[in-house]
Amino acid sequence: TFIDVSESKFDDKNKSIVNFRQQILDDHIKLTDEVIDVKVVDQLVSHPSCGAISTFNGVTRDNHGGRDVSNLSYDCHDLMAYKKLRGICAEIRAEYPDVKKIAIFHRLGKVDIGESSVIISTSSPHRKTAIQATEKCIDLLKEHAPIFKYEEYSNGEVDGVWKSNIEDSKQ
Amino acid sequence: TFIDVSESKFDDKNKSIVNFRQQILDDHIKLTDEVIDVKVVDQLVSHPSCGAISTFNGVTRDNHGGRDVSNLSYDCHDLMAYKKLRGICAEIRAEYPDVKKIAIFHRLGKVDIGESSVIISTSSPHRKTAIQATEKCIDLLKEHAPIFKYEEYSNGEVDGVWKSNIEDSKQ
Amino acid sequence: MISIKVLFFGEACQLVGKREEAIDFPEETDYEEIRKTILENYPALQKIEKVMMLAVDQEYANPGDRFELVRFTEIAVIPPLSGG
Amino acid sequence: MISIKVLFFGEACQLVGKREEAIDFPEETDYEEIRKTILENYPALQKIEKVMMLAVDQEYANPGDRFELVRFTEIAVIPPLSGG
C-alpha cells in the first residue's frame, strides 16, 4: 500500500492519517486466483453499528449470446487495479458518508462456471445506503478497473473472445 | 402451501400450473427460529443462467436511538406472512420478468446481536434486475409482512419497545 | 351472533396476554364494529388502538369494509409492522 | 530517447505474446506519439488499435496529454475493460 503524498489532502496531516487508517481498516480489496466466498465478504463488512449489508455476487454464467461457455478467465493490471479500486472506495464514501465498510473481491485467472467472479459488499446503519453503495461500486468497477475477461466456448469452432463491458452494455 | 382457486388466473389451467410450479421451485420463503446464513440463501438462488445475485442482509444492531440493545425478538402471523411473501414474489416477478429465483428468509423469536434477522436474495442474468428486485423485496416486506420486532435495552430502566417500520421511516 | 377466532400478534399479544381468543360478533358486520367489539373485550388494547390494523382471513381489512362472518373466519389484530 | 517499460494486458498481451517489453520513446512526448510508437513496434496490436487505451503511471491517459518520461515511468496498453 502506498500513499501519493503530492495530493492536496495531505496538507491536513491528521485528517490524512485518519483517512489512511480508515482505508486500511474499512476498505477491503482483494484480487486473487483463489475461490472467493460471499460468506467471507459479508463477514468482513459486518459491524455492530450496521443494520444493513448489501452484497453483489457476479457469477460466471454457462452461456453468452447463445453460445455455451466452457472456460472463463481474467487478466488484470494488479497494481493499477488496486489503485483504481481504492479510488472507487473513496468515491463511494464521499457520496455515501454513512457507509461503514466496503469489500471488493475479484477473481483473477481461470474461474469455473458457477463460481463467483466478483463479490462486493457494503455495510451501513440503514438499508438504502448499503444497497446504493454496492450498486455504485459494481458500476464503477466495470467502468474503471483494468480487469479483462476472456471467454472460451464449447463448440470448438470459435476462438475465445475478450469481452468488453462497453460493448455488452450496448446490448 | 395452498392455492386460492377462485382467482381468475386459474381460468388458464396450464399457465396456473406453470406459475404454481415456479412458485414452489423458484420462490424460497422461510420463516424460522434457527440461524439463517447468507451463503445458504445465495446458493438457493444461484442458477447457471444467472450472472448476478443481489443479497440484502438485515443484521441486528447493537444500538437504536442511542440506547444499547440487549435483546431482539420477532413475533409473526406465520400463515399470513407466508401468503404475503408469496404475493411479494409474484409482484417482483411481474415487475422484473427476468428474475430467475427469489429467496426470502426471516428469523422468528430471539435473534442475537450481530445475527441476521432477514436475508433476501434474487438472481437474474444481469445485475440491474437482481439489484432492483432485491431492494424492492425488502421494501415490500417491511411494508406488508405481518412480522413484529421487539427490542429490549441494556439500561434496565426502560421497558422493551415494539418497533414500527412506519415510525422508523419518518426519522 | 357467531363465535369467531381472534388472533393477537406482537404488542397486541403482549397486552392481551394471549395468542388466541374466541369472541362473539354479529354475523353481518363491518370493520368498525369488529374493532369496537375487540376493544370492548380487551380494553388493554386501547394503548395501540390508533395504530393497530385488522386482518380478516389473512387479508388486511380497511375501515368501511363489510363482512359476512362464518365459522372458520379468522380475525387477527395486527399492530404496526416491523419486519425486516 | 529513453527506454521505457511497456506492459501489455488482456488481448494486447495475447496479441503481442508478452506481458512486458522495453520500448524507446522521446523523453518529451505525447499520447499520440506513444500510441504510434507502440503500434510500429507491435503491428499485431492493430487489431485493437481503435479500442485500446494507454495508462501512464497507472492513470488512464487521453489524446492530447503530454508527458515527460523518466526512467521509472510505466506505460500500459489497456484493451476494453471487462471486469466484474
# chains A, B, ... in the order shown; residues from 1 in each chain; ligands from 1
call {"tool": "calpha_fit_and_write", "arguments": {"fixed": "chain A", "moving": "chain B", "output": "JSON list (two decimals) with C-alpha atoms, in the first residue's frame"}}
result
[["chain", "number", "residue", "atom", "x", "y", "z"],
["B", 1, "THR", "CA", -0.02, 0.02, -0.03],
["B", 2, "PHE", "CA", 1.33, 3.45, -0.89],
["B", 3, "ILE", "CA", 0.12, 7.00, -0.49],
["B", 4, "ASP", "CA", 0.63, 9.71, -3.09],
["B", 5, "VAL", "CA", 1.83, 12.47, -0.78],
["B", 6, "SER", "CA", 1.58, 15.08, -3.46],
["B", 7, "GLU", "CA", -2.19, 15.07, -3.10],
["B", 8, "SER", "CA", -3.50, 18.23, -1.48],
["B", 9, "LYS", "CA", -5.42, 16.33, 1.16],
["B", 10, "PHE", "CA", -2.13, 15.69, 2.92],
["B", 11, "ASP", "CA", -1.92, 19.33, 3.88],
["B", 12, "ASP", "CA", -4.10, 18.29, 6.81],
["B", 13, "LYS", "CA", -2.01, 15.57, 8.38],
["B", 14, "ASN", "CA", -4.48, 14.39, 11.00],
["B", 15, "LYS", "CA", -7.28, 13.99, 8.52],
["B", 16, "SER", "CA", -4.94, 12.17, 6.18],
["B", 17, "ILE", "CA", -3.90, 9.73, 8.85],
["B", 18, "VAL", "CA", -7.54, 9.10, 9.73],
["B", 19, "ASN", "CA", -8.39, 8.59, 6.05],
["B", 20, "PHE", "CA", -5.42, 6.28, 5.57],
["B", 21, "ARG", "CA", -6.29, 4.26, 8.63],
["B", 22, "GLN", "CA", -9.87, 4.02, 7.48],
["B", 23, "GLN", "CA", -8.78, 2.76, 4.11],
["B", 24, "ILE", "CA", -6.63, 0.08, 5.66],
["B", 25, "LEU", "CA", -9.25, -1.01, 8.16],
["B", 26, "ASP", "CA", -12.56, -0.48, 6.42],
["B", 27, "ASP", "CA", -11.92, -0.85, 2.68],
["B", 28, "HIS", "CA", -11.12, -4.47, 1.88],
["B", 29, "ILE", "CA", -9.84, -5.01, -1.64],
["B", 30, "LYS", "CA", -8.71, -8.43, -2.77],
["B", 31, "LEU", "CA", -7.59, -9.67, -6.18],
["B", 32, "THR", "CA", -6.97, -13.38, -6.01],
["B", 33, "ASP", "CA", -6.87, -16.55, -8.04],
["B", 34, "GLU", "CA", -8.41, -18.46, -5.16],
["B", 35, "VAL", "CA", -12.13, -19.12, -4.81],
["B", 36, "ILE", "CA", -13.99, -16.19, -3.25],
["B", 37, "ASP", "CA", -16.98, -16.69, -0.98],
["B", 38, "VAL", "CA", -19.99, -14.49, -0.17],
["B", 39, "LYS", "CA", -19.93, -15.52, 3.46],
["B", 40, "VAL", "CA", -16.36, -14.31, 3.93],
["B", 41, "VAL", "CA", -17.04, -10.98, 2.23],
["B", 42, "ASP", "CA", -20.27, -10.43, 4.18],
["B", 43, "GLN", "CA", -18.45, -11.12, 7.44],
["B", 44, "LEU", "CA", -15.67, -8.67, 6.56],
["B", 45, "VAL", "CA", -18.06, -5.73, 6.30],
["B", 46, "SER", "CA", -20.22, -6.61, 9.28],
["B", 47, "HIS", "CA", -20.12, -4.20, 12.21],
["B", 48, "PRO", "CA", -22.27, -3.85, 15.34],
["B", 49, "SER", "CA", -23.40, -0.39, 14.25],
["B", 50, "CYS", "CA", -24.64, -1.62, 10.89],
["B", 51, "GLY", "CA", -28.11, -2.99, 10.34],
["B", 52, "ALA", "CA", -27.65, -3.47, 6.63],
["B", 53, "ILE", "CA", -25.24, -5.34, 4.39],
["B", 54, "SER", "CA", -25.80, -5.34, 0.64],
["B", 55, "THR", "CA", -23.84, -7.83, -1.42],
["B", 56, "PHE", "CA", -23.44, -8.18, -5.15],
["B", 57, "ASN", "CA", -22.25, -11.58, -6.36],
["B", 58, "GLY", "CA", -21.20, -11.76, -10.01],
["B", 59, "VAL", "CA", -21.22, -15.41, -11.04],
["B", 60, "THR", "CA", -19.79, -16.94, -14.20],
["B", 61, "ARG", "CA", -22.67, -17.95, -16.45],
["B", 62, "ASP", "CA", -22.76, -21.06, -18.58],
["B", 63, "ASN", "CA", -23.70, -19.14, -21.71],
["B", 64, "HIS", "CA", -23.25, -15.89, -23.54],
["B", 65, "GLY", "CA", -25.13, -14.81, -26.63],
["B", 66, "GLY", "CA", -26.43, -18.32, -27.17],
["B", 67, "ARG", "CA", -23.06, -20.02, -27.01],
["B", 68, "ASP", "CA", -22.07, -22.35, -24.18],
["B", 69, "VAL", "CA", -19.15, -21.01, -22.20],
["B", 70, "SER", "CA", -16.56, -23.68, -21.44],
["B", 71, "ASN", "CA", -13.90, -21.53, -19.85],
["B", 72, "LEU", "CA", -13.61, -18.11, -18.37],
["B", 73, "SER", "CA", -10.53, -16.28, -17.13],
["B", 74, "TYR", "CA", -9.45, -12.82, -16.07],
["B", 75, "ASP", "CA", -6.26, -10.88, -16.75],
["B", 76, "CYS", "CA", -5.53, -7.78, -14.69],
["B", 77, "HIS", "CA", -3.10, -4.91, -14.21],
["B", 78, "ASP", "CA", -2.93, -5.69, -10.48],
["B", 79, "LEU", "CA", -1.19, -2.63, -9.11],
["B", 80, "MET", "CA", -3.31, -0.27, -11.16],
["B", 81, "ALA", "CA", -6.47, -2.19, -10.30],
["B", 82, "TYR", "CA", -5.78, -1.86, -6.56],
["B", 83, "LYS", "CA", -5.24, 1.86, -7.05],
["B", 84, "LYS", "CA", -8.45, 2.26, -9.02],
["B", 85, "LEU", "CA", -10.47, 0.20, -6.55],
["B", 86, "ARG", "CA", -9.15, 2.26, -3.61],
["B", 87, "GLY", "CA", -10.21, 5.34, -5.53],
["B", 88, "ILE", "CA", -13.64, 3.80, -6.07],
["B", 89, "CYS", "CA", -13.96, 3.20, -2.33],
["B", 90, "ALA", "CA", -13.09, 6.85, -1.66],
["B", 91, "GLU", "CA", -15.67, 7.95, -4.22],
["B", 92, "ILE", "CA", -18.32, 5.73, -2.63],
["B", 93, "ARG", "CA", -17.57, 7.17, 0.82],
["B", 94, "ALA", "CA", -17.74, 10.72, -0.47],
["B", 95, "GLU", "CA", -21.16, 10.09, -1.97],
["B", 96, "TYR", "CA", -22.46, 7.90, 0.88],
["B", 97, "PRO", "CA", -20.85, 9.14, 4.11],
["B", 98, "ASP", "CA", -22.63, 6.61, 6.28],
["B", 99, "VAL", "CA", -21.09, 3.62, 4.56],
["B", 100, "LYS", "CA", -19.16, 1.82, 7.27],
["B", 101, "LYS", "CA", -17.19, -0.87, 5.44],
["B", 102, "ILE", "CA", -16.59, -1.82, 1.83],
["B", 103, "ALA", "CA", -15.23, -5.09, 0.43],
["B", 104, "ILE", "CA", -14.38, -5.70, -3.21],
["B", 105, "PHE", "CA", -13.14, -9.16, -4.11],
["B", 106, "HIS", "CA", -12.28, -10.12, -7.71],
["B", 107, "ARG", "CA", -11.05, -13.43, -9.08],
["B", 108, "LEU", "CA", -8.11, -13.50, -11.41],
["B", 109, "GLY", "CA", -7.13, -16.31, -13.75],
["B", 110, "LYS", "CA", -9.49, -19.17, -14.51],
["B", 111, "VAL", "CA", -12.95, -19.16, -12.94],
["B", 112, "ASP", "CA", -15.17, -22.23, -13.25],
["B", 113, "ILE", "CA", -18.81, -21.95, -14.35],
["B", 114, "GLY", "CA", -20.94, -21.20, -11.33],
["B", 115, "GLU", "CA", -18.12, -19.71, -9.27],
["B", 116, "SER", "CA", -18.04, -16.08, -8.24],
["B", 117, "SER", "CA", -16.00, -13.70, -10.39],
["B", 118, "VAL", "CA", -16.62, -10.66, -8.24],
["B", 119, "ILE", "CA", -18.20, -10.09, -4.85],
["B", 120, "ILE", "CA", -18.88, -6.61, -3.50],
["B", 121, "SER", "CA", -20.34, -5.90, -0.06],
["B", 122, "THR", "CA", -21.00, -2.66, 1.76],
["B", 123, "SER", "CA", -22.41, -2.07, 5.22],
["B", 124, "SER", "CA", -24.28, 0.87, 6.70],
["B", 125, "PRO", "CA", -26.68, 1.58, 9.57],
["B", 126, "HIS", "CA", -29.73, 1.51, 7.27],
["B", 127, "ARG", "CA", -30.53, -0.27, 4.04],
["B", 128, "LYS", "CA", -30.79, 2.49, 1.44],
["B", 129, "THR", "CA", -27.12, 3.45, 1.67],
["B", 130, "ALA", "CA", -25.73, -0.07, 1.53],
["B", 131, "ILE", "CA", -27.94, -1.01, -1.42],
["B", 132, "GLN", "CA", -27.00, 2.11, -3.39],
["B", 133, "ALA", "CA", -23.31, 1.99, -2.45],
["B", 134, "THR", "CA", -22.93, -1.63, -3.53],
["B", 135, "GLU", "CA", -24.64, -0.92, -6.84],
["B", 136, "LYS", "CA", -22.45, 2.11, -7.48],
["B", 137, "CYS", "CA", -19.38, 0.06, -6.61],
["B", 138, "ILE", "CA", -19.99, -2.64, -9.21],
["B", 139, "ASP", "CA", -20.88, 0.02, -11.79],
["B", 140, "LEU", "CA", -17.62, 1.91, -11.12],
["B", 141, "LEU", "CA", -15.55, -1.29, -11.13],
["B", 142, "LYS", "CA", -16.93, -2.26, -14.54],
["B", 143, "GLU", "CA", -16.23, 1.24, -15.81],
["B", 144, "HIS", "CA", -12.73, 1.84, -14.47],
["B", 145, "ALA", "CA", -10.90, -1.25, -13.23],
["B", 146, "PRO", "CA", -8.17, -2.59, -15.56],
["B", 147, "ILE", "CA", -9.50, -6.15, -15.46],
["B", 148, "PHE", "CA", -10.07, -8.20, -18.62],
["B", 149, "LYS", "CA", -12.34, -11.21, -19.18],
["B", 150, "TYR", "CA", -11.61, -13.96, -21.69],
["B", 151, "GLU", "CA", -14.37, -16.41, -22.60],
["B", 152, "GLU", "CA", -13.96, -19.69, -24.48],
["B", 153, "TYR", "CA", -16.89, -21.64, -25.88],
["B", 154, "SER", "CA", -17.77, -25.33, -26.02],
["B", 155, "ASN", "CA", -18.31, -25.56, -29.72],
["B", 156, "GLY", "CA", -14.63, -25.77, -30.65],
["B", 157, "GLU", "CA", -15.15, -23.80, -33.86],
["B", 158, "VAL", "CA", -15.00, -20.34, -32.37],
["B", 159, "ASP", "CA", -11.91, -18.78, -30.82],
["B", 160, "GLY", "CA", -12.06, -17.39, -27.36],
["B", 161, "VAL", "CA", -13.30, -13.81, -27.06],
["B", 162, "TRP", "CA", -12.02, -10.94, -24.98],
["B", 163, "LYS", "CA", -15.12, -9.28, -23.54],
["B", 164, "SER", "CA", -15.88, -5.57, -23.37],
["B", 165, "ASN", "CA", -18.17, -4.01, -20.77],
["B", 166, "ILE", "CA", -18.90, -1.07, -23.03],
["B", 167, "GLU", "CA", -19.97, -3.39, -25.87],
["B", 168, "ASP", "CA", -22.05, -5.56, -23.53],
["B", 169, "SER", "CA", -23.86, -2.55, -22.13],
["B", 170, "LYS", "CA", -24.96, -1.49, -25.58],
["B", 171, "GLN", "CA", -27.00, -4.69, -25.96]]
call {"tool": "residues_around", "arguments": {"residues": "Asp30 (chain C)", "least_positions_apart": "3", "cutoff": "7 Å", "atoms": "only C-alpha atoms", "output": "list in words"}}
result
Glu33, Ile34, Gly64, Asp65, Arg66 and Phe67 of chain C
call {"tool": "residues_around", "arguments": {"residues": "Ala61 (chain C)", "least_positions_apart": "3", "cutoff": "12 Å", "atoms": "only C-alpha atoms", "output": "list of chain:residue names"}}
result
C:Asp30, C:Tyr31, C:Glu32, C:Ile34, C:Arg35, C:Met52, C:Met53, C:Leu54, C:Ala55, C:Val56, C:Asp57, C:Gln58, C:Gly64, C:Asp65, C:Arg66, C:Phe67, C:Glu74, C:Ile75, C:Ala76, C:Val77, C:Ile78
call {"tool": "atom_distance", "arguments": {"atom1": "CA of Glu40 (chain C)", "atom2": "CA of Val70 (chain C)"}}
result
21.3 Å
call {"tool": "interface_residues", "arguments": {"of": "chain C", "to": "chain B", "cutoff": "9 Å", "atoms": "only C-alpha atoms", "output": "VMD selection string"}}
result
chain C and resid 7 to 11 57 to 59 76 78 to 84
call {"tool": "select_by_dssp", "arguments": {"residues": "chain C", "states": "helix (DSSP H, G or I)", "output": "list in words"}}
result
Gly10, Glu11, Ala12, Cys13, Gln14, Leu15, Val16, Tyr31, Glu32, Glu33, Ile34, Arg35, Lys36, Thr37, Ile38, Leu39, Glu40, Asn41, Pro43, Ala44, Leu45, Gln46, Lys47 and Ile48 of chain C
call {"tool": "select_by_dssp", "arguments": {"residues": "region 77-169 of chain B", "states": "strand (DSSP E)", "output": "ChimeraX atom specification"}}
result
/B:101-107,109-111,116-124,147-153,161-162
call {"tool": "write_last_selection", "arguments": {"atoms": "C-alpha atoms", "output": "PDB file, in the first residue's frame"}}
result
ATOM      1  CA  LYS B 101     -35.057 -17.090  -8.338  1.00  0.00           C
ATOM      2  CA  ILE B 102     -36.068 -15.319  -5.156  1.00  0.00           C
ATOM      3  CA  ALA B 103     -35.285 -16.275  -1.558  1.00  0.00           C
ATOM      4  CA  ILE B 104     -36.709 -14.539   1.496  1.00  0.00           C
ATOM      5  CA  PHE B 105     -35.556 -15.817   4.868  1.00  0.00           C
ATOM      6  CA  HIS B 106     -36.730 -14.224   8.137  1.00  0.00           C
ATOM      7  CA  ARG B 107     -35.833 -15.128  11.702  1.00  0.00           C
ATOM      8  CA  GLY B 109     -38.143 -15.421  18.034  1.00  0.00           C
ATOM      9  CA  LYS B 110     -34.943 -14.226  19.663  1.00  0.00           C
ATOM     10  CA  VAL B 111     -32.107 -13.000  17.444  1.00  0.00           C
ATOM     11  CA  SER B 116     -29.139 -11.892  10.554  1.00  0.00           C
ATOM     12  CA  SER B 117     -32.809 -11.037  11.025  1.00  0.00           C
ATOM     13  CA  VAL B 118     -33.671 -11.149   7.348  1.00  0.00           C
ATOM     14  CA  ILE B 119     -31.826 -12.252   4.233  1.00  0.00           C
ATOM     15  CA  ILE B 120     -33.219 -11.644   0.751  1.00  0.00           C
ATOM     16  CA  SER B 121     -31.527 -12.807  -2.455  1.00  0.00           C
ATOM     17  CA  THR B 122     -32.607 -12.606  -6.064  1.00  0.00           C
ATOM     18  CA  SER B 123     -30.860 -13.861  -9.181  1.00  0.00           C
ATOM     19  CA  SER B 124     -31.050 -12.723 -12.788  1.00  0.00           C
ATOM     20  CA  ILE B 147     -43.885  -9.540  11.382  1.00  0.00           C
ATOM     21  CA  PHE B 148     -43.238  -7.641  14.615  1.00  0.00           C
ATOM     22  CA  LYS B 149     -39.930  -6.689  16.254  1.00  0.00           C
ATOM     23  CA  TYR B 150     -39.462  -6.313  19.995  1.00  0.00           C
ATOM     24  CA  GLU B 151     -36.312  -4.618  21.300  1.00  0.00           C
ATOM     25  CA  GLU B 152     -35.069  -4.620  24.887  1.00  0.00           C
ATOM     26  CA  TYR B 153     -32.308  -2.329  26.111  1.00  0.00           C
ATOM     27  CA  VAL B 161     -40.286  -1.477  22.769  1.00  0.00           C
ATOM     28  CA  TRP B 162     -42.322  -2.859  19.909  1.00  0.00           C
TER      29      TRP B 162
END
call {"tool": "atom_distance", "arguments": {"atom1": "CA of Leu15 (chain D)", "atom2": "CA of Leu39 (chain D)"}}
result
11.5 Å
call {"tool": "atom_distance", "arguments": {"atom1": "CA of Ile2 (chain C)", "atom2": "CA of Asn41 (chain C)"}}
result
15.0 Å
call {"tool": "decode", "arguments": {"residues": "region 26-52 of chain D", "atoms": "C-alpha atoms", "output": "compact mmCIF listing (two decimals), in the first residue's frame"}}
result
# COMPACT_ATOMS: atom_id res chain seq x y z
CA PRO D 26 11.33 10.58 -26.94
CA GLU D 27 11.69 11.93 -23.39
CA GLU D 28 9.16 14.65 -24.13
CA THR D 29 6.25 13.13 -25.92
CA ASP D 30 2.51 12.94 -26.13
CA TYR D 31 -0.32 10.40 -26.19
CA GLU D 32 -0.46 10.11 -29.96
CA GLU D 33 3.28 9.67 -30.33
CA ILE D 34 3.32 6.95 -27.66
CA ARG D 35 0.46 5.17 -29.38
CA LYS D 36 2.09 5.31 -32.80
CA THR D 37 5.41 4.10 -31.47
CA ILE D 38 3.84 1.12 -29.74
CA LEU D 39 1.89 0.18 -32.87
CA GLU D 40 5.01 0.45 -35.01
CA ASN D 41 6.82 -1.89 -32.64
CA TYR D 42 3.87 -4.28 -32.36
CA PRO D 43 1.75 -4.23 -35.53
CA ALA D 44 -0.28 -7.15 -34.14
CA LEU D 45 -1.96 -4.56 -31.94
CA GLN D 46 -3.66 -3.04 -34.97
CA LYS D 47 -6.49 -5.47 -34.32
CA ILE D 48 -7.46 -3.48 -31.20
CA GLU D 49 -5.98 -0.08 -32.03
CA LYS D 50 -9.35 1.62 -32.22
CA VAL D 51 -10.45 0.43 -28.80
CA MET D 52 -7.26 0.25 -26.78
